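**Student:** So here's upload_32.txt, just compact mmCIF, C-alpha atoms and all ligand atoms:
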```txt
# COMPACT_ATOMS: atom_id res chain seq x y z
CA MET A 1 0.00 0.00 0.00
CA ALA A 2 1.32 3.47 -0.87
CA GLU A 3 1.92 5.84 2.02
CA CYS A 4 -0.32 8.85 2.43
CA ARG A 5 -0.44 11.22 5.44
CA ASN A 6 -4.27 11.20 5.55
CA LYS A 7 -4.41 7.49 6.09
CA LYS A 8 -4.99 5.99 9.52
CA ARG A 9 -1.83 4.05 10.37
CA LEU A 10 -2.54 0.71 11.98
CA THR A 11 -0.95 -2.01 14.03
CA ILE A 12 -2.93 -5.26 14.06
CA LEU A 13 -2.03 -7.59 16.90
CA GLY A 14 -3.32 -11.05 15.98
CA SER A 15 -3.61 -10.46 12.23
CA THR A 16 -3.75 -14.21 11.49
CA GLY A 17 -6.83 -14.86 13.68
CA SER A 18 -10.54 -14.65 13.01
CA ILE A 19 -10.83 -10.94 13.90
CA GLY A 20 -7.43 -10.09 12.40
CA THR A 21 -8.15 -11.62 8.99
CA GLN A 22 -11.60 -9.99 8.83
CA ALA A 23 -10.02 -6.64 9.75
CA LEU A 24 -7.61 -7.03 6.84
CA GLU A 25 -10.57 -7.79 4.53
CA VAL A 26 -12.14 -4.51 5.66
CA ILE A 27 -8.86 -2.66 5.08
CA SER A 28 -8.56 -4.15 1.57
CA LYS A 29 -11.86 -2.45 0.71
CA LEU A 30 -10.73 0.87 2.19
CA LYS A 31 -7.16 1.08 0.90
CA ASP A 32 -7.29 4.85 0.61
CA ARG A 33 -8.11 5.14 4.33
CA PHE A 34 -5.65 2.82 6.04
CA GLU A 35 -1.97 2.02 6.01
CA VAL A 36 -0.88 -1.20 7.68
CA ILE A 37 2.29 -0.44 9.63
CA ALA A 38 2.58 -3.61 11.70
CA LEU A 39 1.12 -7.13 11.88
CA SER A 40 1.54 -9.96 14.35
CA ALA A 41 0.99 -13.70 14.34
CA GLY A 42 1.25 -16.35 17.01
CA SER A 43 2.42 -19.40 15.07
CA ASN A 44 0.79 -19.18 11.62
CA ILE A 45 3.92 -18.20 9.69
CA GLU A 46 2.53 -19.09 6.26
CA LEU A 47 -0.46 -16.78 6.62
CA LEU A 48 1.71 -14.02 8.07
CA LYS A 49 4.00 -14.27 5.03
CA LYS A 50 1.01 -13.92 2.68
CA GLN A 51 -0.17 -10.90 4.65
CA ILE A 52 3.32 -9.31 4.44
CA GLU A 53 3.23 -9.68 0.65
CA ILE A 54 -0.22 -8.11 0.35
CA TYR A 55 -0.18 -5.37 3.01
CA LYS A 56 3.56 -4.58 3.07
CA PRO A 57 3.91 -3.74 6.78
CA LYS A 58 7.18 -2.21 8.01
CA TYR A 59 7.20 -4.32 11.15
CA VAL A 60 5.92 -7.76 12.10
CA CYS A 61 6.06 -9.98 15.13
CA ILE A 62 5.78 -13.76 15.45
CA ASN A 63 5.97 -15.80 18.61
CA ASP A 64 8.92 -18.04 17.77
CA GLU A 65 12.38 -16.50 17.39
CA LYS A 66 13.43 -18.89 14.60
CA ASP A 67 10.32 -17.97 12.60
CA ALA A 68 11.22 -14.31 13.12
CA VAL A 69 14.74 -14.89 11.69
CA ASN A 70 13.24 -16.75 8.72
CA ILE A 71 10.84 -13.87 7.94
CA ALA A 72 13.53 -11.20 8.37
CA LYS A 73 15.78 -13.01 5.82
CA THR A 74 13.00 -13.26 3.25
CA TYR A 75 11.40 -9.83 3.52
CA LYS A 76 14.01 -7.35 4.80
CA ILE A 77 11.61 -5.77 7.24
CA THR A 78 11.88 -5.33 11.00
CA VAL A 79 10.77 -8.53 12.71
CA TYR A 80 10.24 -9.01 16.42
CA SER A 81 9.35 -12.12 18.36
CA GLY A 82 7.55 -13.12 21.56
CA SER A 83 5.50 -11.02 23.94
CA GLN A 84 8.16 -8.26 23.99
CA GLY A 85 7.72 -7.99 20.23
CA LEU A 86 3.98 -7.38 20.64
CA ILE A 87 4.80 -4.54 23.04
CA LYS A 88 7.23 -3.03 20.51
CA LEU A 89 4.50 -3.06 17.83
CA ALA A 90 2.06 -1.42 20.23
CA GLN A 91 4.51 1.43 20.93
CA LEU A 92 5.57 2.33 17.37
CA PRO A 93 5.66 6.13 17.03
CA GLU A 94 4.27 6.12 13.47
CA VAL A 95 1.06 4.28 14.45
CA ASP A 96 -2.32 5.99 15.13
CA MET A 97 -4.44 3.01 16.14
CA VAL A 98 -3.81 -0.48 17.50
CA LEU A 99 -6.34 -3.24 16.84
CA VAL A 100 -5.93 -5.74 19.66
CA ALA A 101 -7.12 -9.03 18.18
CA VAL A 102 -4.90 -11.53 19.94
CA SER A 103 -6.76 -13.97 22.14
CA GLY A 104 -6.20 -14.39 25.86
CA LYS A 105 -4.11 -12.60 28.46
CA ILE A 106 -1.30 -11.85 26.00
CA GLY A 107 -3.34 -8.81 24.88
CA LEU A 108 -3.20 -6.95 28.20
CA ILE A 109 0.30 -5.42 28.37
CA PRO A 110 0.50 -4.39 24.68
CA THR A 111 -2.87 -2.64 25.08
CA ILE A 112 -1.68 -0.74 28.14
CA GLU A 113 1.56 0.21 26.35
CA ALA A 114 -0.34 1.38 23.26
CA ILE A 115 -2.58 3.59 25.44
CA LYS A 116 0.44 5.08 27.24
CA ASN A 117 1.90 5.84 23.82
CA LYS A 118 -1.28 7.75 22.85
CA LYS A 119 -2.66 5.25 20.35
CA ASP A 120 -6.38 4.85 19.87
CA ILE A 121 -7.44 1.28 20.62
CA ALA A 122 -9.86 -0.94 18.69
CA LEU A 123 -10.38 -3.64 21.28
CA ALA A 124 -11.45 -7.16 20.40
CA ASN A 125 -9.45 -8.84 23.18
CA LYS A 126 -12.00 -8.99 26.00
CA GLU A 127 -9.53 -10.51 28.49
CA THR A 128 -7.84 -7.08 28.72
CA LEU A 129 -10.86 -5.49 30.42
CA VAL A 130 -11.77 -8.61 32.36
CA MET A 131 -8.29 -8.71 33.91
CA ALA A 132 -7.59 -5.03 34.38
CA GLY A 133 -10.65 -2.97 33.41
CA ASP A 134 -10.17 -0.29 36.09
CA ILE A 135 -6.51 0.29 35.19
CA VAL A 136 -7.14 0.30 31.43
CA VAL A 137 -10.12 2.68 31.56
CA LYS A 138 -8.24 5.08 33.89
CA SER A 139 -5.26 5.09 31.54
CA VAL A 140 -7.53 5.74 28.52
CA LYS A 141 -8.88 8.86 30.28
CA GLU A 142 -5.44 10.08 31.42
CA ASN A 143 -3.96 9.69 27.95
CA ASN A 144 -7.02 11.07 26.18
CA VAL A 145 -7.24 8.26 23.62
CA LYS A 146 -10.25 6.43 22.19
CA LEU A 147 -11.18 2.92 23.34
CA LEU A 148 -13.43 1.52 20.60
CA PRO A 149 -15.15 -1.83 21.15
CA VAL A 150 -14.95 -4.49 18.43
CA ASP A 151 -17.03 -7.15 20.16
CA SER A 152 -20.40 -7.01 18.36
CA GLU A 153 -22.43 -6.60 21.58
CA HIS A 154 -20.29 -3.73 22.84
CA SER A 155 -20.14 -2.13 19.43
CA ALA A 156 -23.97 -2.26 19.42
CA ILE A 157 -24.20 -0.63 22.86
CA PHE A 158 -21.58 1.96 21.87
CA GLN A 159 -23.76 2.85 18.87
CA CYS A 160 -26.98 3.00 20.95
CA ILE A 161 -25.72 4.86 24.01
CA SER A 162 -26.05 8.59 23.57
CA ASN A 163 -26.57 10.03 27.02
CA ARG A 164 -25.17 8.00 29.89
CA GLU A 165 -27.16 10.01 32.44
CA TYR A 166 -30.50 8.67 31.12
CA VAL A 167 -29.51 5.00 30.77
CA LYS A 168 -31.57 2.54 32.80
CA ASN A 169 -30.22 -0.82 31.57
CA LEU A 170 -27.88 -2.35 29.07
CA ILE A 171 -29.34 -5.39 27.34
CA ILE A 172 -26.71 -7.80 26.08
CA THR A 173 -27.98 -10.46 23.70
CA ALA A 174 -26.59 -13.98 23.36
CA SER A 175 -27.28 -16.58 20.70
CA GLY A 176 -27.26 -19.27 23.40
CA GLY A 177 -24.48 -21.25 21.71
CA PRO A 178 -24.55 -24.79 20.31
CA PHE A 179 -25.98 -26.39 23.50
CA ARG A 180 -28.94 -24.07 24.06
CA ASN A 181 -31.42 -26.92 23.59
CA CYS A 182 -29.31 -29.74 25.01
CA SER A 183 -29.76 -31.42 28.36
CA VAL A 184 -27.03 -31.28 31.03
CA GLN A 185 -26.39 -34.98 30.34
CA GLU A 186 -25.86 -34.27 26.63
CA MET A 187 -23.45 -31.48 27.55
CA GLU A 188 -21.50 -33.85 29.80
CA ASN A 189 -20.80 -35.97 26.72
CA ALA A 190 -20.15 -33.05 24.36
CA ASP A 191 -17.15 -33.57 22.12
CA LEU A 192 -14.85 -30.98 20.59
CA LYS A 193 -16.61 -30.99 17.23
CA SER A 194 -20.08 -30.24 18.59
CA THR A 195 -18.65 -27.64 21.01
CA LEU A 196 -16.90 -25.82 18.18
CA SER A 197 -20.02 -25.83 15.95
CA HIS A 198 -21.35 -22.41 16.86
CA PRO A 199 -24.76 -21.80 15.27
CA ARG A 200 -24.14 -18.14 14.30
CA TRP A 201 -20.50 -17.02 14.47
CA LYS A 202 -17.23 -18.38 13.07
CA MET A 203 -14.59 -17.47 15.65
CA GLY A 204 -11.32 -18.65 17.21
CA LYS A 205 -11.42 -21.82 19.33
CA LYS A 206 -11.12 -20.23 22.79
CA ILE A 207 -14.05 -17.83 22.34
CA THR A 208 -16.12 -20.56 20.63
CA VAL A 209 -15.75 -22.84 23.66
CA ASP A 210 -16.59 -19.88 25.94
CA SER A 211 -19.71 -19.27 23.83
CA ALA A 212 -20.79 -22.87 24.39
CA THR A 213 -20.47 -22.59 28.21
CA LEU A 214 -21.87 -19.01 28.12
CA MET A 215 -18.71 -17.91 29.96
CA ASN A 216 -18.23 -15.63 26.96
CA LYS A 217 -21.44 -13.79 27.84
CA GLY A 218 -20.25 -13.41 31.42
CA LEU A 219 -16.92 -11.98 30.22
CA GLU A 220 -18.93 -9.59 28.03
CA VAL A 221 -20.96 -8.40 31.03
CA ILE A 222 -17.68 -7.56 32.82
CA GLU A 223 -16.37 -5.87 29.67
CA ALA A 224 -19.59 -3.80 29.37
CA HIS A 225 -19.39 -2.74 33.03
CA HIS A 226 -15.92 -1.25 32.41
CA LEU A 227 -16.53 0.19 28.95
CA PHE A 228 -19.79 1.96 29.79
CA ASP A 229 -19.39 2.50 33.56
CA ILE A 230 -22.67 0.70 34.32
CA ASN A 231 -23.56 -1.09 37.52
CA TYR A 232 -23.73 -4.90 37.21
CA ASN A 233 -27.35 -4.92 38.38
CA ASP A 234 -28.24 -2.74 35.37
CA ILE A 235 -26.79 -5.14 32.78
CA LYS A 236 -29.29 -7.77 31.58
CA VAL A 237 -28.52 -10.83 29.46
CA VAL A 238 -31.18 -12.01 27.01
CA ILE A 239 -30.96 -15.11 24.81
CA HIS A 240 -31.81 -14.19 21.23
CA PRO A 241 -31.00 -17.23 19.03
CA GLN A 242 -31.26 -15.35 15.71
CA SER A 243 -28.48 -12.88 16.71
CA TYR A 244 -30.14 -10.06 14.75
CA ILE A 245 -30.25 -7.67 17.69
CA HIS A 246 -26.64 -7.34 18.75
CA SER A 247 -27.50 -5.57 22.01
CA ALA A 248 -29.58 -2.61 23.20
CA VAL A 249 -29.80 0.26 25.64
CA GLU A 250 -32.92 0.94 27.70
CA TYR A 251 -33.44 4.56 28.77
CA LYS A 252 -35.21 5.88 31.86
CA ASP A 253 -38.10 7.22 29.74
CA GLY A 254 -38.96 3.67 28.59
CA SER A 255 -37.35 3.85 25.13
CA ILE A 256 -35.10 1.01 24.03
CA ILE A 257 -32.57 1.61 21.27
CA ALA A 258 -31.23 -1.59 19.72
CA GLN A 259 -28.64 -2.17 17.02
CA ILE A 260 -29.73 -4.64 14.35
CA GLY A 261 -27.95 -6.29 11.48
CA ILE A 262 -26.95 -9.59 9.97
CA PRO A 263 -24.51 -11.50 12.19
CA SER A 264 -21.21 -10.39 10.64
CA MET A 265 -18.09 -9.30 12.51
CA HIS A 266 -17.04 -7.18 9.51
CA ILE A 267 -19.55 -4.53 10.59
CA PRO A 268 -18.33 -3.89 14.17
CA ILE A 269 -14.67 -4.25 13.09
CA GLN A 270 -15.19 -1.67 10.34
CA TYR A 271 -17.08 0.66 12.69
CA ALA A 272 -14.24 0.61 15.23
CA LEU A 273 -11.57 1.16 12.56
CA CYS A 274 -13.43 3.97 10.79
CA PHE A 275 -15.10 5.65 13.79
CA PRO A 276 -16.84 8.09 13.67
CA GLU A 277 -17.41 7.55 9.94
CA ARG A 278 -19.78 4.91 8.55
CA LEU A 279 -18.12 4.02 5.28
CA LYS A 280 -19.11 1.58 2.59
CA GLY A 281 -16.28 -0.89 2.91
CA ILE A 282 -17.13 -4.57 3.02
CA GLU A 283 -20.41 -5.15 1.21
CA THR A 284 -22.71 -6.93 3.65
CA GLU A 285 -26.17 -8.02 2.59
CA SER A 286 -28.95 -5.67 3.74
CA PHE A 287 -30.94 -6.81 6.72
CA ASP A 288 -34.36 -7.91 5.45
CA PHE A 289 -37.02 -7.46 8.17
CA ILE A 290 -39.62 -9.38 6.17
CA LYS A 291 -37.37 -12.39 5.57
CA ALA A 292 -36.07 -12.33 9.15
CA SER A 293 -39.62 -12.17 10.59
CA LYS A 294 -38.81 -14.25 13.68
CA PHE A 295 -37.18 -12.51 16.67
CA GLU A 296 -37.18 -14.82 19.71
CA PHE A 297 -36.06 -13.98 23.24
CA TYR A 298 -35.51 -16.20 26.30
CA ALA A 299 -34.14 -15.79 29.80
CA PRO A 300 -30.72 -17.41 30.27
CA ASP A 301 -30.74 -20.73 32.12
CA TYR A 302 -28.24 -20.05 34.91
CA GLU A 303 -28.52 -23.60 36.26
CA LYS A 304 -27.64 -25.22 32.96
CA PHE A 305 -24.99 -22.60 32.19
CA PRO A 306 -23.48 -21.81 35.61
CA SER A 307 -20.38 -20.16 34.08
CA LEU A 308 -22.49 -17.11 33.25
CA LYS A 309 -23.61 -16.79 36.87
CA LEU A 310 -20.04 -17.26 38.14
CA ALA A 311 -18.69 -14.56 35.82
CA ILE A 312 -21.31 -12.03 36.96
CA GLU A 313 -20.54 -12.90 40.59
CA ALA A 314 -16.81 -12.35 39.95
CA GLY A 315 -17.57 -9.01 38.28
CA LYS A 316 -19.63 -7.88 41.26
CA THR A 317 -16.89 -8.99 43.68
CA GLY A 318 -14.32 -6.98 41.70
CA GLY A 319 -10.58 -6.69 42.38
CA THR A 320 -8.69 -9.79 41.27
CA ALA A 321 -11.83 -12.00 41.36
CA THR A 322 -12.17 -11.49 37.58
CA VAL A 323 -8.45 -12.26 37.12
CA CYS A 324 -9.06 -15.58 38.88
CA LEU A 325 -12.18 -16.31 36.83
CA ASN A 326 -10.41 -15.53 33.55
CA ALA A 327 -7.19 -17.42 34.31
CA ALA A 328 -8.88 -20.56 35.67
CA ASN A 329 -11.38 -20.61 32.79
CA GLU A 330 -8.70 -20.05 30.13
CA GLU A 331 -6.55 -22.90 31.50
CA ALA A 332 -9.58 -25.18 31.74
CA VAL A 333 -10.59 -24.35 28.16
CA PHE A 334 -7.05 -25.16 26.93
CA ALA A 335 -7.28 -28.47 28.83
CA PHE A 336 -10.61 -29.24 27.14
CA LEU A 337 -9.21 -28.31 23.72
CA SER A 338 -6.28 -30.67 24.25
CA GLY A 339 -8.54 -33.52 25.33
CA GLN A 340 -7.52 -33.59 29.02
CA ILE A 341 -10.93 -32.80 30.51
CA SER A 342 -14.58 -32.98 29.47
CA PHE A 343 -16.77 -30.05 28.47
CA THR A 344 -18.56 -29.80 31.83
CA ASP A 345 -15.20 -30.09 33.65
CA ILE A 346 -14.39 -26.59 32.36
CA TYR A 347 -16.86 -25.10 34.79
CA LYS A 348 -16.03 -27.57 37.56
CA TYR A 349 -12.33 -26.64 37.59
CA THR A 350 -13.01 -22.92 37.17
CA LYS A 351 -15.45 -22.98 40.10
CA LYS A 352 -13.11 -25.04 42.29
CA VAL A 353 -10.25 -22.59 41.78
CA TYR A 354 -12.55 -19.58 42.12
CA ASP A 355 -14.05 -20.83 45.40
CA SER A 356 -10.62 -21.32 46.97
CA TYR A 357 -9.40 -17.85 45.93
CA LYS A 358 -9.21 -14.72 48.08
CA PRO A 359 -9.35 -11.67 45.79
CA ILE A 360 -7.18 -8.57 46.24
CA LYS A 361 -9.03 -5.24 46.18
CA ASN A 362 -7.75 -2.42 43.92
CA PRO A 363 -4.81 -4.47 42.62
CA SER A 364 -1.79 -2.96 40.85
CA LEU A 365 -0.86 -4.28 37.42
CA GLU A 366 2.02 -6.22 38.98
CA GLN A 367 -0.38 -7.90 41.42
CA ILE A 368 -2.77 -8.75 38.59
CA LEU A 369 0.02 -10.43 36.62
CA SER A 370 1.40 -12.37 39.58
CA GLU A 371 -2.08 -13.51 40.69
CA ASP A 372 -2.80 -14.56 37.11
CA ASP A 373 0.38 -16.71 37.07
CA LYS A 374 -0.43 -18.32 40.43
CA ILE A 375 -4.03 -19.14 39.46
CA ARG A 376 -2.96 -20.67 36.16
CA GLN A 377 -0.41 -22.89 37.89
CA GLN A 378 -3.00 -23.97 40.47
CA THR A 379 -5.56 -24.78 37.75
CA ARG A 380 -3.03 -26.73 35.69
CA SER A 381 -1.96 -28.82 38.68
CA LEU A 382 -5.55 -29.58 39.71
CA ILE A 383 -6.26 -30.72 36.17
CA LYS A 384 -3.06 -32.79 36.03
CA GLU A 385 -3.84 -34.44 39.36
CA LYS A 386 -7.48 -34.93 38.23
CA VAL A 387 -8.66 -33.46 41.57
N1 LIG B 401 -13.75 -13.99 16.53
C1 LIG B 401 -14.75 -13.22 16.89
O1 LIG B 401 -15.77 -13.14 16.21
C2 LIG B 401 -14.66 -12.40 18.15
C3 LIG B 401 -15.76 -11.61 18.53
C4 LIG B 401 -15.65 -10.82 19.65
C5 LIG B 401 -14.47 -10.79 20.40
N2 LIG B 401 -13.42 -11.57 20.03
C6 LIG B 401 -12.19 -11.54 20.84
O2 LIG B 401 -11.11 -11.20 20.01
C7 LIG B 401 -9.93 -11.89 20.41
C8 LIG B 401 -9.42 -12.71 19.22
O3 LIG B 401 -10.39 -13.70 18.92
P1 LIG B 401 -10.30 -14.58 17.60
O4 LIG B 401 -11.58 -15.32 17.51
O5 LIG B 401 -9.86 -13.72 16.45
O6 LIG B 401 -9.13 -15.57 18.01
P2 LIG B 401 -8.22 -16.48 17.06
O7 LIG B 401 -8.88 -16.73 15.76
O8 LIG B 401 -7.81 -17.64 17.88
O9 LIG B 401 -6.96 -15.54 16.77
C9 LIG B 401 -6.07 -15.19 17.79
C10 LIG B 401 -4.90 -14.40 17.24
O10 LIG B 401 -3.96 -14.22 18.28
C11 LIG B 401 -2.71 -14.83 17.92
N3 LIG B 401 -2.13 -15.40 19.12
C12 LIG B 401 -2.67 -16.38 19.90
N4 LIG B 401 -1.83 -16.64 20.93
C13 LIG B 401 -0.77 -15.82 20.80
C14 LIG B 401 0.42 -15.63 21.54
N5 LIG B 401 0.70 -16.32 22.64
N6 LIG B 401 1.30 -14.68 21.11
C15 LIG B 401 1.04 -13.95 20.01
N7 LIG B 401 -0.08 -14.09 19.26
C16 LIG B 401 -0.97 -15.02 19.65
C17 LIG B 401 -3.08 -15.89 16.89
O11 LIG B 401 -1.95 -16.21 16.08
P3 LIG B 401 -1.81 -17.59 15.22
O12 LIG B 401 -3.17 -17.92 14.69
O13 LIG B 401 -0.83 -17.18 14.16
O14 LIG B 401 -1.27 -18.62 16.15
C18 LIG B 401 -4.16 -15.14 16.11
O15 LIG B 401 -3.58 -14.19 15.26
C19 LIG B 401 -10.33 -12.75 21.62
O16 LIG B 401 -10.01 -12.09 22.79
C20 LIG B 401 -11.85 -12.89 21.47
O17 LIG B 401 -12.49 -13.05 22.70
C21 LIG B 401 -13.49 -12.36 18.92
```
Output the file's structure in the form of structure tokens.
**Tutor:**
Amino acid sequence: MAECRNKKRLTILGSTGSIGTQALEVISKLKDRFEVIALSAGSNIELLKKQIEIYKPKYVCINDEKDAVNIAKTYKITVYSGSQGLIKLAQLPEVDMVLVAVSGKIGLIPTIEAIKNKKDIALANKETLVMAGDIVVKSVKENNVKLLPVDSEHSAIFQCISNREYVKNLIITASGGPFRNCSVQEMENADLKSTLSHPRWKMGKKITVDSATLMNKGLEVIEAHHLFDINYNDIKVVIHPQSYIHSAVEYKDGSIIAQIGIPSMHIPIQYALCFPERLKGIETESFDFIKASKFEFYAPDYEKFPSLKLAIEAGKTGGTATVCLNAANEEAVFAFLSGQISFTDIYKYTKKVYDSYKPIKNPSLEQILSEDDKIRQQTRSLIKEKV
């Protein structure tokens, strides 16, 4: 892409993932608006190489050092590796906005560094706010940067929320995931394939498993609390299997403003990248009210999906309770993905670790990181010992 001073200059952390690749599709349609300065991959070197050839970034990062050397030899660009490399990409002086689309806790420190370096943030990585929402939001205010949500529910609320003073409730919708109509017994026997078959969204594996347990919805409630400064008791979750309404805001005068559209992540990604403009980038099909016709809504079943209840409880407890929830859940999900535990064990281990944990109030970033490490180790050993 040719350089042009009017273009928004971007770093994409996690360019090889589900959000990252869709962001690059958006950018391909809006070449006159964006310049890709930096890209990062975890381990998918082949896709990263293709992206380097198409988007011609000046900097890239890949997890493994040997892969980094290989890329540097081939492309003569600056290549970093590991988590320090992600931080370097987040700090680059020539970048205006960082899209944080890595999955898991690895997103936290680069996001904080990008904010400190006055970059606007398009945030897909929900773990950042779940782990350190108070610190991140404070830093956003102090550094006077924008924090733009990419998650479709938060993008919807962001679009519907005009005057915070008059807000009564946030209504976060959930498709209900692949096991909405299954019995607990069927969920106990759920295999990887059925867990990863999400009825509405094609996403990375970690978030897809979280969508099946409804932990994802709980993480989104915590994310919404931090992004919009709303009390937990004023955030409602509603199951809406069609995923047409992406979320809504109820005002004190009785009006509800909802954001509607076909389930496509291109739309919220593009909105965050282009904000405040609404450009014609990726062509998505128009939402057809007549064809859609059916809008169903149900209350969440907190007994069948206890992860949702646990996440809301952790959010209300605050401090490092959400760090514990996130770390234990993430380790349990990895264990499920690698075949060590069953689907329903994800909640069992998360709950066991959570119940034995004493949260720290108003933690520093250092405390958050050290608690996170401790909780992960504890979860891994419980799983290993099959306790
Ligand atoms: N997908 C969605 O529709 C969606 C919607 C809302 C929110 N989100 C959030 O957005 C984030 C990304 O989700 P996703 O579905 O795009 O995940 P994904 O498809 O698994 O992609 C994750 C990205 O992070 C990279 N990565 C993973 N571990 C890494 C590590 N240790 N170091 C460096 N890079 C690493 C991956 O690289 P490689 O693939 O090269 O290994 C990939 O580029 C998550 O926090 C998720 O909750 C996603």
**Student:** With all atoms listed in the file counted and 6 Å as the cut-off, give the residues of chain A in contact with ligand LIG 401 (chain B), each with its shortest interatomic distance in Å and the pair that gives it, as JSON lines.
**Tutor:**
```
{"residue": "A:Gly14", "atom": "CA", "partner": "B:LIG401", "partner_atom": "O15", "distance": 3.2}
{"residue": "A:Ser15", "atom": "CA", "partner": "B:LIG401", "partner_atom": "O15", "distance": 4.8}
{"residue": "A:Thr16", "atom": "CA", "partner": "B:LIG401", "partner_atom": "O15", "distance": 3.8}
{"residue": "A:Gly17", "atom": "CA", "partner": "B:LIG401", "partner_atom": "O9", "distance": 3.2}
{"residue": "A:Ser18", "atom": "CA", "partner": "B:LIG401", "partner_atom": "O5", "distance": 3.6}
{"residue": "A:Ile19", "atom": "CA", "partner": "B:LIG401", "partner_atom": "O5", "distance": 3.9}
{"residue": "A:Gly20", "atom": "CA", "partner": "B:LIG401", "partner_atom": "O5", "distance": 6.0}
{"residue": "A:Ala41", "atom": "CA", "partner": "B:LIG401", "partner_atom": "O13", "distance": 3.9}
{"residue": "A:Gly42", "atom": "CA", "partner": "B:LIG401", "partner_atom": "O11", "distance": 3.3}
{"residue": "A:Ser43", "atom": "CA", "partner": "B:LIG401", "partner_atom": "O14", "distance": 3.9}
{"residue": "A:Asn44", "atom": "CA", "partner": "B:LIG401", "partner_atom": "O13", "distance": 3.6}
{"residue": "A:Asn63", "atom": "CA", "partner": "B:LIG401", "partner_atom": "N6", "distance": 5.4}
{"residue": "A:Ala101", "atom": "CA", "partner": "B:LIG401", "partner_atom": "C8", "distance": 4.5}
{"residue": "A:Val102", "atom": "CA", "partner": "B:LIG401", "partner_atom": "O10", "distance": 3.3}
{"residue": "A:Ser103", "atom": "CA", "partner": "B:LIG401", "partner_atom": "C19", "distance": 3.8}
{"residue": "A:Gly104", "atom": "CA", "partner": "B:LIG401", "partner_atom": "O16", "distance": 5.4}
{"residue": "A:Ile106", "atom": "CA", "partner": "B:LIG401", "partner_atom": "N5", "distance": 5.9}
{"residue": "A:Ala124", "atom": "CA", "partner": "B:LIG401", "partner_atom": "O2", "distance": 4.1}
{"residue": "A:Asn125", "atom": "CA", "partner": "B:LIG401", "partner_atom": "O16", "distance": 3.3}
{"residue": "A:Lys126", "atom": "CA", "partner": "B:LIG401", "partner_atom": "O16", "distance": 4.9}
{"residue": "A:Glu127", "atom": "CA", "partner": "B:LIG401", "partner_atom": "O16", "distance": 5.9}
{"residue": "A:Asp151", "atom": "CA", "partner": "B:LIG401", "partner_atom": "C4", "distance": 4.0}
{"residue": "A:Met203", "atom": "CA", "partner": "B:LIG401", "partner_atom": "N1", "distance": 3.7}
{"residue": "A:Gly204", "atom": "CA", "partner": "B:LIG401", "partner_atom": "O4", "distance": 3.4}
{"residue": "A:Lys205", "atom": "CA", "partner": "B:LIG401", "partner_atom": "O8", "distance": 5.7}
{"residue": "A:Ile207", "atom": "CA", "partner": "B:LIG401", "partner_atom": "O17", "distance": 5.0}
{"residue": "A:Met265", "atom": "CA", "partner": "B:LIG401", "partner_atom": "O1", "distance": 5.8}
```
**Student:** Can you list, as a ChimeraX atom specification, every protein, DNA or RNA residue that comes within 10 Å of Ile77 of chain A when you count only C-alpha atoms, leaving out same-chain residues fewer than 3 positions away?
**Tutor:** /A:52,56-60,71-74,80
**Student:** Dump as JSON lines the rows for residues of segment 119-206 of chain A within 6 Å of segment 267-271 of chain A: closest atom pair and distance in Å with one decimal, only C-alpha atoms counted, ordered by chain and rising residue number.
**Tutor:**
```
{"residue": "A:Val150", "atom": "CA", "partner": "A:Ile269", "partner_atom": "CA", "distance": 5.4}
{"residue": "A:Ser152", "atom": "CA", "partner": "A:Pro268", "partner_atom": "CA", "distance": 5.6}
{"residue": "A:Ser155", "atom": "CA", "partner": "A:Pro268", "partner_atom": "CA", "distance": 5.8}
```
**Student:** Grab the residues selected above and save them as a PDB file, in the frame of the given file with C-alpha atoms.
**Tutor:**
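Dumped everything to part_18.pdb:
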```
ATOM      1  CA  VAL A 150     -14.950  -4.490  18.430  1.00  0.00           C
ATOM      2  CA  SER A 152     -20.400  -7.010  18.360  1.00  0.00           C
ATOM      3  CA  SER A 155     -20.140  -2.130  19.430  1.00  0.00           C
TER       4      SER A 155
END
```
**Student:** Pick out the residues sitting within 12 Å of Ile54 of chain A, and hand them over as a tab-separated table (two decimals) with C-alpha atoms, keeping the file's coordinate frame; count only C-alpha atoms, and ignore anything fewer than 6 positions along from it in its own chain.
**Tutor:**
```tsv
chain	number	residue	atom	x	y	z
A	1	MET	CA	0.00	0.00	0.00
A	2	ALA	CA	1.32	3.47	-0.87
A	24	LEU	CA	-7.61	-7.03	6.84
A	25	GLU	CA	-10.57	-7.79	4.53
A	27	ILE	CA	-8.86	-2.66	5.08
A	28	SER	CA	-8.56	-4.15	1.57
A	31	LYS	CA	-7.16	1.08	0.90
A	35	GLU	CA	-1.97	2.02	6.01
A	36	VAL	CA	-0.88	-1.20	7.68
A	39	LEU	CA	1.12	-7.13	11.88
A	47	LEU	CA	-0.46	-16.78	6.62
A	48	LEU	CA	1.71	-14.02	8.07
```
**Student:** Considering all atoms listed in the file, return as a list in words whatever protein or nucleic-acid residues lie within 9 Å of Ala190 of chain A, sequence-local ones (same chain, fewer than 5 positions apart) excluded.
**Tutor:**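 The neighbour list is Phe179, Gln185, Thr195, Ser342, Phe343 and Thr344 of chain A.
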**Student:** Deliver the residues from the most recent selection as a file, using C-alpha atoms, as a PDB file, keeping the file's coordinate frame.
**Tutor:**
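The result, written out as selection_21.pdb:
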```
ATOM      1  CA  PHE A 179     -25.980 -26.390  23.500  1.00  0.00           C
ATOM      2  CA  GLN A 185     -26.390 -34.980  30.340  1.00  0.00           C
ATOM      3  CA  THR A 195     -18.650 -27.640  21.010  1.00  0.00           C
ATOM      4  CA  SER A 342     -14.580 -32.980  29.470  1.00  0.00           C
ATOM      5  CA  PHE A 343     -16.770 -30.050  28.470  1.00  0.00           C
ATOM      6  CA  THR A 344     -18.560 -29.800  31.830  1.00  0.00           C
TER       7      THR A 344
END
```
